[in-house]
Amino acid sequence: MEELSLLFNGFAIAITPYNIAMMFVGTILGVLIGTLPGLGGANGVAILLPLTFSMEPTSAIIMLSCIYWGALFGGAITSILFNIPGEPWSVATTFDGFPLAQKGSPGEALTAAFTSSFIGAFFAVLVITFLAPMVAKFALKFGPAEFFAVQLLTFCSFVGMSKEPPFKTIAAMMIGFALASVGMDSVTGQLRLTFGSEEMMRGFDFLIAVIGLFGLGEILMTMEEGLAFKGTEAKINARVVFQTWAKLPQYWATSLRSSLIGCWMGITPGGATPASFMAYGIAKKFAKNPEGFGKGELEGIIAPETAAHAAGTSALLPMLTLGIPGSPTAAVLLGGLLIWGLQPGPLLFVEKADFVWGLIASMYLGNLAGLIVVLTTVPYFAAILKIPFSIIAPVILVICAIGSYTVANAEFDMILMLIFGVIGYVFKKLSYPLAPMVLALVLGKMAEGSFRQALLSSQGDLSIFWSNGLVGGISGLAILLLISPLLAKLWSLAKGGNKAAA
Amino acid sequence: MAISMKSAFGKTLVGVMGAGLVASVSTSALAAWEPEKQVEFVVPAGTGGGADQMARLMQGIIVKHNLMKQSLVVVNKSGGAGAEGFLSVKNAKGDPYKIIITLSNLFTTPLATGVPFNWKDMTPVAMLALDQFILWVNAEKPYKTAKEYIDAAKAAGPGKMKMGGTGSKQEDQILTAGLEKATGTKFSYIPYKGGGEVAVQLVGNHVDSTVNNPAEAVAQWRAGSLRALCVFDDTRMPYKAKVTPTQSWNDIPTCKEAGVPTDYVMLRGIFMAPGVSADQVTYFVEVFKKMMATPEWKEYMEKGAFQQTFMSGKEFADWLGKAEALHKQLMSEAGFLAK
């Protein structure tokens with residue numbers, strides 16, 4: 001196989017002591033960046049990009065992409081320990097990761113998250129290695145209508161998930177949509193709902209909302225429940241890694257499904273965040289024990305983490321082959337490639353084969369390095385939960401404040417974060433679900449944009465959403481998922497009715 | 001109709017005038033000003049776009065060649081189509097530790113949204129380059145020249161041909177409106193988030209044409225997926241090295257030659273806050289001049305087929321005045337002005 005010989009050639013390029021050192025430096029920096037909410041992979045890579053201009057392009061991209069892998073790994077840490085998503089794609093990880101950690105198994109939650117991340121990434125790298133040319137062509141089929149269908153599918157896979165009454169779910173989702181529409185309207189180029197305020201022009205950044213809603217909201221809840229001055233009674237030993245690994249194989253179907261969702265969303269490019277939500281929603285639909293989701297189910301950590309990492313990794317494929325970034329971080333890396341005189345696009349694989357296969361080889365090695373780095377830190381991170389709340393709470397507050405400031409270097413965002421914290425608290429007290437609101441906030445703007453682009457190109461004709469097999473198939477699947485709980489109910493009613501009649 | 005953004009000075013006078021002005025300022029100052037702390041480099045656009053790339057490249061070159069003693073820190077302020085970034089500079093009166101890179105949103109954002117800022121609210125430092133625009137179609141399509149494509153658009157009827165572009169009521173849509181007016185066609189304009197995305201949508205046949213910058217579409221052009229019909233400028237691009245197997249940038253005809261009389265270029269320039277001293281402006285002009293002499297910058301200019309025009313001082317201000325008037329005219333004709 002031609003790919004294999006190219007790949008081994010790539011390993012030969014990537015495995016130099018200098019490059020391996022860069023890999024570890026990159027992953028450690030990345031984990032730190034991912035842990036601090038708000039800083040984010042894109043910002044982290046952007047800040048460090050100019051430092052690499054004096055390096056060899058291959059070493060530079062290896063280090064930068066390792067920062068990216070590290071950030072993907074690190075995003076899970078604060079989600080699980082403090083309910084603060086370090087990165088947008090770790091929001092879905094909080095749903096089960098945080099409860100599991102609170103139940104006294106932070107080590108198990110972290111190990112599951114890291115291992116799943118690695119599996120997702122590994123699957124994605126395999127796809128990149130062997131299917132790159134084919135997959136690149138598939139991405140070209142995605143126009144606005146197809147993107148909207150994918151976003152619709154994400155919403156539909158998530159609807160009917162929460163245990164709260166449907167009307168509360170819809171209300172929360174609508175608030176999310178309303179918040180998403182503030183700021184610049186990308187289709188008309190006009191400002192919306194800013195009320196003339198300069199601060200509102202930025203709109204509501206998803207991360208600021210999430211840091212407030214989840215992180216601060218959680219602290220307020222804990223304070224109300226009586227200040228627990230003790231830390232969690234977590235049993236921590238180094239063996240927790242192996243104990244968790246023994247449990248993972250039974251979830252192979254979830255891992256595979258989530259890897260596929262992740263690769264698909266990364267390549268098309270839908271992004272890691274929708275991928276993680278979709279994988280979580282679908283895992284719950286297929287789970288043997290859907291009741292356990294949201295209370296600390298291991299499967300609820302595996303699904304979003306696998307998908308997010310698969311998407312994050314495969315997002316590099318459209319960047320290399322087409323020059324379109326599949327994620328914000330990929331966009332910054334793309335800029336880096338151009339600065340080094342490398343032209344991402346269909347010819348990169350031909351003209352700079354050494355560089356491309358060196359990078360792909362470094363994806364295998366970088367992720368392995370990342371896994372080793374994060375797994376060795378599991379006991380230390382898990383031990384943080386043993387620190388009494390009265391000491392850790394102020395630290396979390398500071399992290400929340402710094403995180404919301406770094407998103408856009410704006411002081412106003414810290415005030416916004418505080419407001420979202422209060423909203424999060426009120427939502428929890430009134431048992432309104434937060435997840436639909438967050439989902440609407442992150443996907444609302446994208447879905448609106450794609451919908452209107454599609455209608456612009458069809459001149460207002462809605463049939464564009466069924467105009468070919470691809471878009472029709474995705475739209476159909478979305479609607480099927482949406483009505484599946486209803487169908488299931490009807491089915492059981494009909495069965496029950498038959499029994500009653502008989 | 002000819003849309004012209006060139007000043008009547010001509011390109012040869014550019015260097016002479018700029019240099020003269022700078023020399024007179026720097027000799028009058030006793031001690032040259034130098035920054036004593038880090039300088040914030042504002043990008044009024046998101047990470048990964050054209051302006052962001054240029055800013056980060058400049059930062060990299062300045063570090064590598066040690067052109068500034070203090071560090072330069074790139075900060076993205078993209079809110080409100082860049083208004084956030086421009087307002088932050090406008091409100092930093094007298095602060096020499098803030099510079100901003102511009103794209104066409106310097107003119108288009110205040111006109112389209114009514115957010116109160118104008119280039120006159122800031123201190124112009126220098127024009128670094130002008131970015132070109134090219135009319136692209138998918139290579140599978142039969143149109144070989146701009147005229148054939150425009151004729152096809154006319155034959156198809158108003159709104160049937162789809163023009164993809166970056167953003168709404170910004171350079172791509174303004175250029176489309178100018179093209180429509182000059183040729184009597186009507187396109188359905190579809191706004192996307194970034195230039196790379198636009199190029200790929202054209203390769204996937206989701207739009208019929210684009211007015212991408214050279215750098216945004218060059219990868220797909222070289223791969224043979226796209227065809228360049230004409231460049232929206234009054235002279236051809238100077239770069240004669242072959243980019244595709246058969247064509248160089250210089251082989252692309254101007255739209256005027258191709259019978260589509262439209263031209264438009266986009267400013268890549270630097271501004272400072274209002275109320276800074278002449279010394280402080282001079283310092284940055286000198287840094288940028290040294291930066292522009294580096295091989296890295298020259299390579300970047302050629303890769304992206306930029307028009308390398310340097311201006312500063314009064315000449316730059318005159319150019320800005322004309323460019324603003326042109327944008328106002330184009331946008332009012334297209335009905336893009338904020339009410």
# chains A, B, ... in the order shown; residues from 1 in each chain; ligands from 1
>>> residues_around(residues="region 195-208 of chain B", least_positions_apart="3", cutoff="10 Å", atoms="only C-alpha atoms", output="number ranges by chain")
A: 137-145, 318-319, 322-326, 331, 454, 457; B: 49-50, 136-141, 149, 153, 160-167, 172, 187-192, 211-221, 224-226
>>> residues_around(residues="Phe118 (chain A)", least_positions_apart="2", cutoff="10 Å", atoms="only C-alpha atoms", output="ChimeraX atom specification")
/A:69,72-73,112-116,120-124,305-306,309-310,364,367-368,370-371
>>> residues_around(residues="Thr244 (chain A)", least_positions_apart="5", cutoff="10 Å", atoms="only C-alpha atoms", output="ChimeraX atom specification")
/A:107-112,115,239,249,298
>>> write_last_selection(atoms="C-alpha atoms", output="compact mmCIF listing (two decimals), in the first residue's frame")
# COMPACT_ATOMS: atom_id res chain seq x y z
CA GLY A 107 -10.23 9.50 38.47
CA GLU A 108 -12.57 7.21 36.61
CA ALA A 109 -14.26 10.14 34.85
CA LEU A 110 -10.94 11.69 33.81
CA THR A 111 -9.49 8.40 32.61
CA ALA A 112 -12.61 7.65 30.57
CA THR A 115 -8.93 7.48 26.77
CA ARG A 239 -4.53 1.97 39.52
CA PRO A 249 -14.48 -2.30 26.08
CA LEU A 298 -19.61 6.48 31.99
>>> residues_around(residues="Gln250 (chain A)", least_positions_apart="2", cutoff="12 Å", atoms="only C-alpha atoms", output="PyMOL selection string")
chain A and resi 244-248+252-256+287-288+298-299+302
>>> write_last_selection(atoms="N, CA and C atoms", output="CSV table (one decimal), in the first residue's frame")
chain,number,residue,atom,x,y,z
A,244,THR,N,-10.4,1.6,35.2
A,244,THR,CA,-11.4,2.2,34.2
A,244,THR,C,-11.3,1.5,32.8
A,245,TRP,N,-10.0,1.3,32.5
A,245,TRP,CA,-9.8,0.7,31.2
A,245,TRP,C,-10.5,-0.6,31.0
A,246,ALA,N,-10.6,-1.4,32.1
A,246,ALA,CA,-11.2,-2.7,32.1
A,246,ALA,C,-12.7,-2.5,31.8
A,247,LYS,N,-13.3,-1.4,32.2
A,247,LYS,CA,-14.7,-1.2,31.9
A,247,LYS,C,-15.0,-0.7,30.5
A,248,LEU,N,-14.0,-0.1,29.9
A,248,LEU,CA,-14.3,0.6,28.6
A,248,LEU,C,-14.7,-0.3,27.4
A,252,TRP,N,-17.9,-0.4,23.3
A,252,TRP,CA,-17.3,-0.3,22.0
A,252,TRP,C,-18.2,0.3,20.9
A,253,ALA,N,-19.5,0.0,21.0
A,253,ALA,CA,-20.5,0.4,20.0
A,253,ALA,C,-20.6,2.0,20.1
A,254,THR,N,-20.7,2.5,21.3
A,254,THR,CA,-20.8,3.9,21.5
A,254,THR,C,-19.5,4.6,21.0
A,255,SER,N,-18.4,4.0,21.2
A,255,SER,CA,-17.1,4.6,20.8
A,255,SER,C,-17.1,4.7,19.3
A,256,LEU,N,-17.5,3.6,18.6
A,256,LEU,CA,-17.4,3.5,17.2
A,256,LEU,C,-18.4,4.5,16.6
A,287,ALA,N,-28.8,4.0,24.4
A,287,ALA,CA,-28.3,3.4,25.6
A,287,ALA,C,-29.3,2.4,26.2
A,288,LYS,N,-28.7,1.3,26.8
A,288,LYS,CA,-29.5,0.4,27.6
A,288,LYS,C,-30.1,1.0,28.8
A,298,LEU,N,-20.9,6.5,32.7
A,298,LEU,CA,-19.6,6.5,32.0
A,298,LEU,C,-19.8,6.7,30.5
A,299,GLU,N,-20.8,6.1,29.9
A,299,GLU,CA,-21.1,6.2,28.5
A,299,GLU,C,-21.3,7.7,28.1
A,302,ILE,N,-17.9,9.1,27.5
A,302,ILE,CA,-17.2,8.5,26.3
A,302,ILE,C,-17.7,9.1,25.0
>>> closest_residue(among="A:Val373, A:Met265, A:Ala382, A:Ala172", to="Phe147 (chain A)", atoms="only C-alpha atoms")
A:Met265
>>> closest_residue(among="B:Ala152, B:Ser332, B:Thr113, B:Val287", to="Asn66 (chain B)", atoms="only C-alpha atoms")
B:Val287
>>> closest_residue(among="A:Gln102, A:Ser79, A:Ser186, A:Ser467", to="chain B", atoms="only C-alpha atoms")
A:Ser186
